[in-house]
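The data block below is run.cif; it holds mmCIF, C-alpha atoms.
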```
data_target
#
loop_
_atom_site.label_atom_id
_atom_site.label_comp_id
_atom_site.auth_asym_id
_atom_site.auth_seq_id
_atom_site.Cartn_x
_atom_site.Cartn_y
_atom_site.Cartn_z
CA MET A 1070 -3.53 21.13 -20.36
CA THR A 1071 -5.40 18.08 -21.64
CA GLU A 1072 -7.30 15.54 -19.58
CA ASP A 1073 -4.58 12.96 -20.34
CA GLU A 1074 -1.91 15.30 -19.02
CA ASP A 1075 -3.92 15.86 -15.81
CA ILE A 1076 -4.13 12.13 -15.27
CA ASP A 1077 -0.45 11.71 -16.01
CA GLY A 1078 0.46 14.49 -13.56
CA LEU A 1079 -1.74 12.98 -10.87
CA ALA A 1080 -0.19 9.56 -11.47
CA ALA A 1081 3.30 11.07 -11.35
CA GLU A 1082 2.67 12.80 -8.02
CA TYR A 1083 1.04 9.64 -6.63
CA VAL A 1084 4.04 7.48 -7.52
CA LEU A 1085 6.50 10.10 -6.35
CA GLY A 1086 4.64 10.18 -3.00
CA ALA A 1087 3.67 13.86 -2.97
CA LEU A 1088 -0.07 13.54 -2.46
CA ASP A 1089 -1.58 14.26 0.93
CA PRO A 1090 -3.41 11.41 2.73
CA SER A 1091 -6.89 12.07 1.37
CA GLU A 1092 -5.65 12.59 -2.20
CA ARG A 1093 -3.66 9.36 -1.98
CA VAL A 1094 -6.64 7.32 -0.80
CA ALA A 1095 -8.80 8.93 -3.50
CA VAL A 1096 -6.31 7.82 -6.17
CA ASP A 1097 -6.20 4.33 -4.64
CA VAL A 1098 -9.95 4.12 -5.04
CA ARG A 1099 -10.07 5.70 -8.50
CA ARG A 1100 -7.32 3.55 -10.04
CA ARG A 1101 -9.48 0.45 -9.55
CA SER A 1102 -11.95 1.61 -12.17
CA ASP A 1103 -9.97 4.22 -14.13
CA HIS A 1104 -7.76 2.22 -16.49
CA ALA A 1105 -6.03 5.29 -17.90
CA LEU A 1106 -4.98 6.31 -14.40
CA ALA A 1107 -3.89 2.77 -13.52
CA ASP A 1108 -1.79 2.57 -16.71
CA ALA A 1109 -0.23 5.98 -16.03
CA ILE A 1110 0.66 4.89 -12.47
CA ARG A 1111 2.34 1.73 -13.77
CA ALA A 1112 4.33 3.76 -16.29
CA TRP A 1113 5.54 6.15 -13.59
CA GLU A 1114 6.43 3.26 -11.29
CA HIS A 1115 8.60 1.96 -14.10
CA ARG A 1116 10.17 5.37 -14.81
CA LEU A 1117 11.03 6.19 -11.21
CA GLY A 1118 11.75 2.62 -10.10
CA PRO A 1119 15.54 2.97 -10.40
CA PHE A 1120 15.48 5.48 -7.52
CA SER A 1121 14.46 2.59 -5.26
CA TRP A 1122 17.25 0.32 -6.42
CA GLN A 1123 19.73 2.54 -4.66
CA ALA A 1124 18.00 2.71 -1.29
CA PRO A 1125 20.40 2.15 1.59
CA GLU A 1126 20.37 -1.42 2.86
CA VAL A 1127 19.26 -1.83 6.48
CA GLN A 1128 19.29 -5.17 8.30
CA PRO A 1129 15.80 -6.03 9.56
CA PRO A 1130 15.47 -7.73 12.98
CA ALA A 1131 16.21 -11.46 12.81
CA HIS A 1132 12.80 -12.47 14.15
CA LEU A 1133 10.85 -10.75 11.39
CA PHE A 1134 11.06 -13.60 8.90
CA ASP A 1135 9.64 -16.07 11.44
CA SER A 1136 6.77 -13.67 12.04
CA ILE A 1137 6.17 -13.48 8.31
CA LEU A 1138 6.19 -17.29 8.04
CA GLN A 1139 3.57 -17.44 10.77
CA ARG A 1140 1.41 -15.00 8.87
CA ILE A 1141 1.59 -16.97 5.64
CA ALA A 1142 0.91 -20.31 7.30
CA THR A 1143 -1.99 -20.86 4.92
CA PRO A 1144 -1.35 -23.65 2.40
CA LYS A 1145 -0.94 -22.47 -1.18
CA THR A 1146 -1.69 -24.40 -4.32
CA ALA A 1147 1.58 -26.32 -4.57
CA GLU A 1148 1.29 -27.69 -1.05
CA VAL A 1149 -2.26 -28.83 -1.70
CA VAL A 1150 -1.01 -30.56 -4.85
CA ILE A 1151 1.67 -32.36 -2.85
CA LEU A 1152 -0.91 -33.49 -0.32
CA ARG A 1153 -3.07 -34.83 -3.15
CA ARG A 1154 -0.12 -36.75 -4.59
CA HIS A 1155 0.54 -38.32 -1.23
CA ALA A 1156 -3.06 -39.33 -0.96
CA ARG A 1157 -2.94 -41.02 -4.40
CA ARG A 1158 0.21 -42.95 -3.45
CA TRP A 1159 -1.55 -44.55 -0.54
CA ARG A 1160 -4.84 -45.04 -2.33
CA GLY A 1161 -6.18 -48.53 -1.64
CA VAL A 1162 -4.15 -48.84 1.53
CA ALA A 1163 -5.22 -46.00 3.71
CA ALA A 1164 -6.80 -43.49 1.40
CA ALA A 1165 -9.60 -42.60 3.71
CA ALA A 1166 -7.31 -42.30 6.72
CA THR A 1167 -4.75 -40.18 4.81
CA ALA A 1168 -7.35 -37.86 3.44
CA LEU A 1169 -8.91 -37.53 6.82
CA ALA A 1170 -5.52 -36.86 8.42
CA ALA A 1171 -4.67 -34.30 5.76
CA CYS A 1172 -7.99 -32.60 6.21
CA LEU A 1173 -7.58 -32.61 9.97
CA SER A 1174 -4.04 -31.24 9.66
CA LEU A 1175 -5.20 -28.48 7.38
CA ALA A 1176 -8.15 -27.74 9.62
CA VAL A 1177 -5.91 -27.57 12.70
CA ALA A 1178 -3.30 -25.48 10.85
CA TRP A 1179 -6.00 -23.17 9.55
CA PHE A 1180 -7.58 -22.91 13.00
CA LEU A 1181 -4.22 -22.07 14.58
CA TYR A 1182 -3.40 -19.62 11.81
CA GLU A 1183 -6.71 -17.88 12.29
CA ARG A 1184 -6.26 -17.77 16.05
CA ILE A 1185 -2.66 -16.54 15.97
CA ASN A 1186 -2.52 -14.21 13.00
CA GLU A 1187 -5.94 -12.79 12.31
CA PRO A 1188 -6.42 -9.32 13.76
CA THR A 1189 -9.38 -9.02 16.10
CA ARG A 1190 -9.98 -5.34 15.47
CA LEU A 1191 -9.56 -3.06 12.46
CA VAL A 1192 -9.35 0.72 12.46
CA ALA A 1193 -9.61 3.38 9.77
CA GLU A 1194 -9.12 7.13 9.94
CA LEU A 1195 -11.12 8.96 7.28
CA TYR A 1196 -9.80 12.25 5.96
CA ARG A 1197 -11.36 14.78 3.59
CA ALA A 1198 -11.12 13.57 0.00
CA ALA A 1199 -12.47 16.61 -1.83
CA GLY A 1200 -12.58 20.33 -1.23
CA THR A 1201 -10.36 22.39 1.02
CA SER A 1202 -9.37 20.94 4.37
CA THR A 1203 -9.42 23.13 7.46
CA ALA A 1204 -6.36 23.15 9.70
CA ASP A 1205 -8.27 20.91 12.13
CA GLU A 1206 -9.11 18.49 9.30
CA ILE A 1207 -5.46 18.28 8.31
CA MET A 1208 -4.41 17.44 11.86
CA HIS A 1209 -7.29 15.12 12.75
CA PRO A 1210 -9.49 12.68 10.84
CA ALA A 1211 -13.11 13.51 10.09
CA PHE A 1212 -14.20 10.07 11.29
CA VAL A 1213 -12.57 7.15 13.06
CA VAL A 1214 -14.11 3.79 12.24
CA SER A 1215 -13.31 0.63 14.20
CA VAL A 1216 -14.48 -2.87 13.37
CA ASP A 1217 -14.52 -5.62 15.99
CA LEU A 1218 -14.30 -8.90 14.14
CA ASN A 1219 -15.55 -11.38 16.77
CA PRO A 1220 -18.45 -10.86 16.40
CA CYS A 1221 -18.29 -8.42 13.51
CA ALA A 1222 -19.47 -4.97 14.60
CA ILE A 1223 -18.78 -1.47 13.30
CA THR A 1224 -18.37 1.72 15.28
CA ALA A 1225 -18.00 5.00 13.38
CA ARG A 1226 -17.19 8.06 15.47
CA PRO A 1227 -17.18 11.62 14.10
CA VAL A 1228 -14.06 13.55 15.12
CA THR A 1229 -13.85 16.77 13.11
CA ALA A 1230 -16.90 16.11 10.88
CA GLN A 1231 -19.61 18.69 11.51
CA PRO A 1232 -23.39 18.14 11.22
CA ARG A 1233 -24.96 19.46 7.99
CA PRO A 1234 -28.60 20.65 8.24
CA GLY A 1235 -30.89 18.48 6.13
CA ARG A 1236 -28.07 16.14 5.21
CA ASN A 1237 -26.70 12.90 6.65
CA TYR A 1238 -23.33 11.31 6.32
CA GLN A 1239 -23.44 7.74 4.98
CA LEU A 1240 -20.64 5.23 5.47
CA TRP A 1241 -19.65 2.95 2.57
CA ILE A 1242 -17.14 0.16 2.10
CA MET A 1243 -15.24 -0.80 -1.06
CA ARG A 1244 -13.75 -4.27 -0.91
CA GLU A 1245 -11.30 -5.99 -3.25
CA GLY A 1246 -13.21 -7.84 -5.94
CA VAL A 1247 -16.51 -6.12 -5.19
CA PRO A 1248 -17.16 -3.51 -7.90
CA ALA A 1249 -19.75 -1.39 -6.09
CA ALA A 1250 -19.65 0.48 -2.81
CA GLU A 1251 -21.71 -1.21 -0.08
CA SER A 1252 -23.51 0.83 2.59
CA LEU A 1253 -22.55 0.32 6.23
CA GLY A 1254 -25.10 2.77 7.61
CA VAL A 1255 -26.11 6.39 8.04
CA LEU A 1256 -24.27 8.61 10.52
CA SER A 1257 -26.06 11.24 12.55
CA THR A 1258 -23.30 13.47 13.91
CA PRO A 1259 -22.25 13.96 16.63
CA GLU A 1260 -23.52 10.53 17.72
CA PRO A 1261 -21.34 7.54 16.90
CA LEU A 1262 -22.82 4.80 14.72
CA THR A 1263 -22.65 1.28 16.15
CA ALA A 1264 -24.02 -1.57 14.11
CA PRO A 1265 -23.35 -5.23 13.35
CA CYS A 1266 -21.57 -5.88 10.04
CA PRO A 1267 -24.11 -6.41 7.24
CA ALA A 1268 -24.59 -10.14 6.69
CA PRO A 1269 -23.06 -10.35 3.18
CA ILE A 1270 -19.78 -8.83 4.38
CA ALA A 1271 -17.47 -11.54 5.72
CA PRO A 1272 -15.01 -10.23 8.34
CA ALA A 1273 -12.09 -11.80 6.44
CA THR A 1274 -12.68 -9.43 3.50
CA LEU A 1275 -12.44 -6.24 5.54
CA LEU A 1276 -8.67 -5.87 6.01
CA ASN A 1277 -7.33 -3.13 3.69
CA ALA A 1278 -10.82 -2.34 2.44
CA THR A 1279 -11.47 1.34 1.68
CA LEU A 1280 -14.09 3.18 3.70
CA ALA A 1281 -15.80 6.26 2.35
CA VAL A 1282 -18.37 8.76 3.56
CA SER A 1283 -20.78 10.55 1.25
CA GLN A 1284 -23.25 13.31 2.05
CA GLU A 1285 -26.83 12.18 1.48
CA PRO A 1286 -30.36 13.50 1.99
CA ASP A 1287 -31.90 12.95 5.42
CA GLY A 1288 -32.21 9.22 6.04
CA GLY A 1289 -29.48 8.27 3.58
CA SER A 1290 -29.28 7.34 -0.08
CA THR A 1291 -32.50 5.91 -1.47
CA THR A 1292 -30.79 4.39 -4.49
CA GLY A 1293 -28.48 1.96 -2.69
CA THR A 1294 -25.48 3.80 -4.12
CA PRO A 1295 -23.80 7.09 -3.19
CA THR A 1296 -25.66 10.00 -4.79
CA GLY A 1297 -22.62 12.29 -4.81
CA PRO A 1298 -18.82 12.18 -4.57
CA PHE A 1299 -17.15 10.76 -1.50
CA ALA A 1300 -16.30 13.50 0.98
CA PHE A 1301 -14.02 11.44 3.26
CA LEU A 1302 -11.86 8.37 2.66
CA GLY A 1303 -9.67 5.97 4.66
CA LYS A 1304 -8.39 2.39 4.76
CA LEU A 1305 -9.15 -0.35 7.29
CA MET A 1306 -6.01 -1.70 8.91
CA ALA A 1307 -5.26 -4.00 11.82
CA GLU A 1308 -5.44 -2.08 15.09
CA ALA A 1309 -1.91 -3.07 16.12
CA ASN A 1310 -0.78 -1.23 13.01
CA ALA A 1311 -2.89 1.84 13.68
CA ARG A 1312 -0.73 3.25 16.44
CA MET B 1474 22.63 -13.19 -0.57
CA PRO B 1475 22.47 -11.13 -3.79
CA MET B 1476 20.47 -12.55 -6.69
CA SER B 1477 20.66 -11.53 -10.30
CA ARG B 1478 17.58 -10.09 -11.97
CA GLN B 1479 16.91 -13.40 -13.73
CA GLN B 1480 17.36 -15.39 -10.53
CA LEU B 1481 14.91 -13.10 -8.78
CA VAL B 1482 12.37 -13.45 -11.59
CA GLU B 1483 12.63 -17.24 -11.39
CA ALA B 1484 12.39 -17.23 -7.61
CA LEU B 1485 9.22 -15.09 -7.71
CA GLY B 1486 7.78 -17.57 -10.18
CA ARG B 1487 8.38 -20.35 -7.67
CA VAL B 1488 6.93 -18.24 -4.85
CA ALA B 1489 3.77 -17.90 -6.94
CA GLN B 1490 3.56 -21.74 -6.83
CA GLY B 1491 3.85 -21.75 -3.04
CA ASP B 1492 7.58 -22.59 -2.80
CA ARG B 1493 8.65 -21.46 0.67
CA ALA B 1494 12.34 -22.08 0.01
CA ALA B 1495 12.13 -19.66 -2.91
CA PHE B 1496 10.25 -17.20 -0.68
CA GLU B 1497 13.03 -17.40 1.88
CA ALA B 1498 15.60 -16.83 -0.86
CA VAL B 1499 13.70 -13.77 -2.11
CA TYR B 1500 13.53 -12.45 1.46
CA ALA B 1501 17.26 -13.02 1.97
CA ALA B 1502 18.09 -11.25 -1.28
CA THR B 1503 15.78 -8.26 -0.95
CA SER B 1504 14.80 -7.62 2.68
CA LEU B 1505 17.74 -5.34 3.44
CA LYS B 1506 16.83 -3.14 0.50
CA LEU B 1507 13.10 -3.11 1.20
CA TYR B 1508 13.65 -2.52 4.91
CA GLY B 1509 15.93 0.39 3.98
CA ILE B 1510 13.15 1.89 1.85
CA VAL B 1511 10.55 1.44 4.56
CA VAL B 1512 12.73 2.72 7.43
CA ARG B 1513 13.65 5.82 5.47
CA ILE B 1514 10.03 6.71 4.78
CA LEU B 1515 8.69 5.86 8.24
CA GLY B 1516 11.67 6.85 10.36
CA ARG B 1517 10.53 4.47 13.12
CA ARG B 1518 11.79 0.92 13.42
CA ASP B 1519 8.70 -0.38 15.23
CA LEU B 1520 6.41 0.73 12.41
CA ALA B 1521 8.91 -0.37 9.80
CA ASP B 1522 8.98 -3.88 11.30
CA GLU B 1523 5.22 -4.18 11.01
CA VAL B 1524 5.13 -2.75 7.51
CA LEU B 1525 7.93 -5.02 6.26
CA GLN B 1526 5.99 -8.06 7.47
CA GLU B 1527 2.91 -6.87 5.60
CA VAL B 1528 5.01 -6.27 2.49
CA TYR B 1529 6.31 -9.84 2.37
CA VAL B 1530 2.90 -11.31 3.17
CA ARG B 1531 1.69 -9.36 0.15
CA VAL B 1532 4.60 -10.68 -1.92
CA TRP B 1533 3.69 -14.23 -0.90
CA GLN B 1534 0.03 -13.70 -1.76
CA SER B 1535 0.47 -11.85 -5.04
CA ALA B 1536 3.71 -13.16 -6.56
CA ALA B 1537 1.58 -14.59 -9.38
CA ASP B 1538 0.67 -11.01 -10.36
CA TYR B 1539 4.29 -10.12 -11.10
CA ASP B 1540 4.94 -9.83 -14.83
CA PRO B 1541 8.65 -9.71 -15.77
CA ALA B 1542 7.69 -8.15 -19.10
CA THR B 1543 6.40 -4.98 -17.44
CA SER B 1544 8.91 -4.28 -14.67
CA SER B 1545 12.08 -5.49 -13.04
CA PRO B 1546 11.52 -7.69 -9.97
CA ILE B 1547 13.19 -5.23 -7.61
CA THR B 1548 11.02 -2.39 -8.94
CA TRP B 1549 7.91 -4.53 -8.35
CA LEU B 1550 9.03 -5.38 -4.83
CA ALA B 1551 10.12 -1.83 -4.03
CA THR B 1552 6.80 -0.48 -5.28
CA ILE B 1553 4.91 -2.73 -2.86
CA ALA B 1554 7.20 -1.62 -0.03
CA ARG B 1555 7.02 2.09 -0.89
CA ASN B 1556 3.25 2.10 -1.31
CA ARG B 1557 2.68 0.37 2.02
CA ALA B 1558 5.17 2.62 3.81
CA LEU B 1559 3.71 5.75 2.20
CA ASP B 1560 0.18 4.71 3.20
CA GLU B 1561 1.35 4.36 6.78
CA ALA B 1562 3.43 7.54 6.76
CA LYS B 1563 0.68 9.67 5.24
CA ARG B 1564 -1.86 8.27 7.66
CA LYS B 1565 0.27 9.14 10.65
CA SER B 1566 2.11 12.21 9.27
CA MET B 1567 5.28 10.53 10.41
CA VAL B 1568 8.06 12.31 8.66
CA SER B 1569 10.00 14.83 10.69
CA LEU B 1570 11.80 17.29 8.48
CA GLU B 1571 14.46 17.78 11.09
CA GLU B 1572 15.20 14.06 11.01
CA SER B 1573 16.01 13.97 7.32
CA PRO B 1574 19.28 15.88 6.97
CA GLN B 1575 21.07 13.47 4.64
CA LEU B 1576 18.61 13.72 1.83
CA LEU B 1577 20.88 14.29 -1.07
CA GLN B 1578 23.51 11.74 -0.24
CA LEU B 1579 23.01 9.52 -3.21
CA PRO B 1580 23.89 5.89 -2.60
CA SER B 1581 26.97 4.38 -4.15
CA ASP B 1582 26.84 2.89 -7.59
CA ASP B 1583 28.33 -0.46 -6.67
CA ASP B 1584 25.28 -2.73 -6.47
CA PRO B 1585 26.82 -6.09 -7.38
CA SER B 1586 23.51 -7.61 -8.44
CA ALA B 1587 22.70 -4.90 -10.99
CA ASN B 1588 23.02 -6.04 -14.58
CA TYR B 1589 23.92 -3.85 -17.51
CA GLU B 1590 20.30 -3.08 -18.35
CA GLU B 1591 19.53 -1.96 -14.80
CA MET B 1592 22.67 0.13 -14.54
CA GLU B 1593 21.78 1.79 -17.82
CA GLU B 1594 18.21 2.55 -16.66
CA ARG B 1595 19.56 3.99 -13.45
CA ARG B 1596 22.18 6.04 -15.22
CA ARG B 1597 19.56 7.54 -17.56
CA LEU B 1598 17.19 8.40 -14.71
CA TYR B 1599 19.91 10.13 -12.69
CA ALA B 1600 21.12 11.97 -15.79
CA CYS B 1601 17.59 13.33 -16.23
CA LEU B 1602 17.35 14.16 -12.53
CA ASN B 1603 20.65 16.01 -12.64
CA ALA B 1604 19.36 18.11 -15.52
CA LEU B 1605 16.87 19.72 -13.11
CA GLU B 1606 17.73 22.87 -11.20
CA PRO B 1607 19.31 21.95 -7.83
CA GLU B 1608 16.32 23.06 -5.74
CA LYS B 1609 13.87 21.09 -7.90
CA LYS B 1610 16.11 18.06 -7.88
CA GLU B 1611 16.13 18.24 -4.08
CA ILE B 1612 12.34 18.40 -3.98
CA VAL B 1613 11.96 15.32 -6.18
CA LEU B 1614 14.35 13.35 -3.98
CA LEU B 1615 12.78 14.62 -0.75
CA VAL B 1616 9.37 13.44 -1.88
CA TYR B 1617 10.47 10.13 -3.38
CA HIS B 1618 12.70 8.95 -0.58
CA TYR B 1619 10.87 10.44 2.40
CA GLY B 1620 7.30 10.75 1.19
CA LEU B 1621 7.04 14.42 2.14
CA THR B 1622 3.81 16.08 1.04
CA ARG B 1623 3.64 19.33 -0.92
CA GLU B 1624 2.68 21.11 2.31
CA GLN B 1625 5.71 19.75 4.14
CA ILE B 1626 8.03 20.73 1.30
CA ALA B 1627 6.48 24.19 1.17
CA ARG B 1628 7.13 24.70 4.88
CA ARG B 1629 10.67 23.41 4.56
CA LEU B 1630 11.53 25.70 1.66
CA ASN B 1631 9.31 28.59 2.79
CA ARG B 1632 7.48 28.64 -0.53
CA PRO B 1633 3.73 28.63 -1.31
CA VAL B 1634 2.15 25.20 -1.76
CA PRO B 1635 0.94 25.96 -5.33
CA THR B 1636 4.52 26.81 -6.28
CA ILE B 1637 5.72 23.47 -5.00
CA LYS B 1638 2.94 21.68 -6.87
CA THR B 1639 3.85 23.46 -10.08
CA TRP B 1640 7.55 22.72 -9.60
CA LEU B 1641 6.87 19.06 -8.95
CA ARG B 1642 4.63 18.62 -11.98
CA ARG B 1643 7.07 20.44 -14.26
CA SER B 1644 10.04 18.53 -12.89
CA LEU B 1645 8.29 15.24 -13.46
CA GLU B 1646 7.25 16.27 -16.98
CA GLN B 1647 10.87 17.20 -17.65
CA ILE B 1648 12.09 13.83 -16.38
CA LYS B 1649 9.52 12.04 -18.53
CA ALA B 1650 10.49 13.99 -21.63
CA CYS B 1651 14.18 13.43 -20.90
CA LEU B 1652 13.66 9.66 -20.55
CA GLY B 1653 11.61 9.64 -23.75
CA GLN B 1654 9.06 7.22 -22.23
#
```
Here is a file; write its structure as structure tokens.
Amino acid sequence: MTEDEDIDGLAAEYVLGALDPSERVAVDVRRRSDHALADAIRAWEHRLGPFSWQAPEVQPPAHLFDSILQRIATPKTAEVVILRRHARRWRGVAAAATALAACLSLAVAWFLYERINEPTRLVAELYRAAGTSTADEIMHPAFVVSVDLNPCAITARPVTAQPRPGRNYQLWIMREGVPAAESLGVLSTPEPLTAPCPAPIAPATLLNATLAVSQEPDGGSTTGTPTGPFAFLGKLMAEANAR
Amino acid sequence: MPMSRQQLVEALGRVAQGDRAAFEAVYAATSLKLYGIVVRILGRRDLADEVLQEVYVRVWQSAADYDPATSSPITWLATIARNRALDEAKRKSMVSLEESPQLLQLPSDDDPSANYEEMEERRRLYACLNALEPEKKEIVLLVYHYGLTREQIARRLNRPVPTIKTWLRRSLEQIKACLGQ
């Protein structure tokens, strides 16, 4: 079996939905930098897509669309363009007042949106990404990580992860648009890690970010990057969704 | 309100520009289908409600990423819905095998919005699926529609996990070869 065929088989099982949780997260991470895998996944999504077309139709609750509209209450480009056109129309008459009103409206809308829709706490369950999982590791995550967003603080709690003599676990985050993993701290099992979010990491960029744990020498990686493969992986999601 | 493939492509283009009326039209045309996909994978309405909201927020945010040259709009939308539902299901090990008795009841072929091209794609895929042995066909459908893992399938069929993995890979290779893509 060639390397291409392995990638194609992995992509096929990913799209079909057969991978276990840790394998699925591992593919989610890998596809960001592995173009061959990403292309293979797209091809399989196209091949198997017609299965979805025939899903049974189920009526969602009537209130859902209003909830969605609340969540997307952030102005997109077209609305900003319309606001700009309005401002030009009144230029010379009340340009300053209109602009100010528009800015205030946007600020108020943004403030309300943030208050109403932004989650206040994110949670991730990290499962084994490589090697053979024990029965306990299949049933329970290795680590549970929670992030309080106001103010931004991280708590990582070992669940099934066991201490390794001479080694430390190190927690990393991979965010959309950031090519490299960023360290969130070193974990000394069985103690939980509690730390403020590193300054460069804005809370708004954390939702759906991937968390990973690598095994490092005592004290953590000295290179600023993971020195080995990720042992555990999970995704940060809003707590209300992490029931 | 059903929309043709072309209407859906055009509506997604307007959604990418921030057109909320188009977004509402896309929701009206596709939410029953996407909710059906999500409910089937998750098996719980409360989780499905949350996931469907996230799916359409994602559609709103990333409609500009949709490329009609690479996939049909319903495939693009269904992929977002399936991936989000599968992430949730895998995370929580939601699927109860006992709650999925109607697995092989294939839906009817009377989708009024399907055009000739879509019907032909669907016909070819099901022809290739039907060429598999019945047990392997069942496995493919169990996994696709309910997101069952290899371990769950193995328990259901009382077979070793490596056997299921081999069957899945070979079945998928066979489907790919049959489709000629």
message: Once the PyMOL selection byres ((chain B and resi 1500-1510) around 7) has been evaluated on this model, what residues remain selected, and can you format them as JSON, numbers by chain?
response: {"A": [1124, 1125, 1126, 1127, 1128, 1129], "B": [1474, 1475, 1476, 1496, 1497, 1498, 1499, 1511, 1512, 1513, 1514, 1525, 1551, 1554, 1555]}
message: I'd like the residues picked by the PyMOL selection byres ((chain A and resi 1277-1279) around 10) written out as a PyMOL selection string, using the chain letters and numbers from the file.
response: chain A and resi 1094-1095+1097-1098+1191-1193+1195+1241-1245+1250+1274-1276+1280-1281+1302-1307
- prompt: the PyMOL selection byres ((chain B) within 6 of (chain A)) on the file shown: which residues, as a ChimeraX atom specification?
  reply: /B:1490-1491,1505-1506,1508-1510,1526,1548,1563,1580,1595,1616-1617,1620,1622-1623
statement: Between atom CA of A:Gly1297 and atom CA of A:Gly1254 lies a distance of 15.8 Å
message: Nearest residue to B:Asn1603 out of B:Cys1651, B:Val1530, B:Val1524, B:Leu1615, using only C-alpha atoms?
response: B:Cys1651
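Take atom CA of B:Leu1605 and atom CA of A:Glu1092: the distance between them is 26.0 Å.
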- prompt: At what distance in Å, to one decimal, does atom CA of A:Arg1190 lie from atom CA of A:Val1255?
  reply: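 Interatomic distance here is 21.3 Å.
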Quick one: stretch 1252-1265 of chain A with N, CA and C atoms, as a PDB file, in the coordinates of the input?
```
ATOM      1  N   SER A1252     -23.201  -0.053   1.465  1.00  0.00           N
ATOM      2  CA  SER A1252     -23.510   0.830   2.590  1.00  0.00           C
ATOM      3  C   SER A1252     -23.303   0.113   3.920  1.00  0.00           C
ATOM      4  N   LEU A1253     -22.688   0.842   4.870  1.00  0.00           N
ATOM      5  CA  LEU A1253     -22.550   0.320   6.230  1.00  0.00           C
ATOM      6  C   LEU A1253     -23.483   1.041   7.193  1.00  0.00           C
ATOM      7  N   GLY A1254     -24.154   2.089   6.740  1.00  0.00           N
ATOM      8  CA  GLY A1254     -25.100   2.770   7.610  1.00  0.00           C
ATOM      9  C   GLY A1254     -25.028   4.279   7.485  1.00  0.00           C
ATOM     10  N   VAL A1255     -25.996   4.927   8.076  1.00  0.00           N
ATOM     11  CA  VAL A1255     -26.110   6.390   8.040  1.00  0.00           C
ATOM     12  C   VAL A1255     -25.631   6.947   9.381  1.00  0.00           C
ATOM     13  N   LEU A1256     -24.842   8.006   9.314  1.00  0.00           N
ATOM     14  CA  LEU A1256     -24.270   8.610  10.520  1.00  0.00           C
ATOM     15  C   LEU A1256     -25.019   9.886  10.854  1.00  0.00           C
ATOM     16  N   SER A1257     -25.425  10.009  12.099  1.00  0.00           N
ATOM     17  CA  SER A1257     -26.060  11.240  12.550  1.00  0.00           C
ATOM     18  C   SER A1257     -25.123  11.906  13.541  1.00  0.00           C
ATOM     19  N   THR A1258     -24.251  12.790  13.034  1.00  0.00           N
ATOM     20  CA  THR A1258     -23.300  13.470  13.910  1.00  0.00           C
ATOM     21  C   THR A1258     -24.065  14.279  14.947  1.00  0.00           C
ATOM     22  N   PRO A1259     -23.569  14.424  16.180  1.00  0.00           N
ATOM     23  CA  PRO A1259     -22.250  13.960  16.630  1.00  0.00           C
ATOM     24  C   PRO A1259     -22.289  12.553  17.235  1.00  0.00           C
ATOM     25  N   GLU A1260     -23.426  11.851  17.093  1.00  0.00           N
ATOM     26  CA  GLU A1260     -23.520  10.530  17.720  1.00  0.00           C
ATOM     27  C   GLU A1260     -22.716   9.510  16.936  1.00  0.00           C
ATOM     28  N   PRO A1261     -22.013   8.604  17.629  1.00  0.00           N
ATOM     29  CA  PRO A1261     -21.340   7.540  16.900  1.00  0.00           C
ATOM     30  C   PRO A1261     -22.349   6.517  16.368  1.00  0.00           C
ATOM     31  N   LEU A1262     -21.989   5.871  15.283  1.00  0.00           N
ATOM     32  CA  LEU A1262     -22.820   4.800  14.720  1.00  0.00           C
ATOM     33  C   LEU A1262     -22.241   3.467  15.198  1.00  0.00           C
ATOM     34  N   THR A1263     -23.074   2.629  15.788  1.00  0.00           N
ATOM     35  CA  THR A1263     -22.650   1.280  16.150  1.00  0.00           C
ATOM     36  C   THR A1263     -23.637   0.307  15.554  1.00  0.00           C
ATOM     37  N   ALA A1264     -23.122  -0.637  14.789  1.00  0.00           N
ATOM     38  CA  ALA A1264     -24.020  -1.570  14.110  1.00  0.00           C
ATOM     39  C   ALA A1264     -23.280  -2.867  13.821  1.00  0.00           C
ATOM     40  N   PRO A1265     -23.998  -3.988  13.781  1.00  0.00           N
ATOM     41  CA  PRO A1265     -23.350  -5.230  13.350  1.00  0.00           C
ATOM     42  C   PRO A1265     -22.979  -5.136  11.873  1.00  0.00           C
TER      43      PRO A1265
END
```
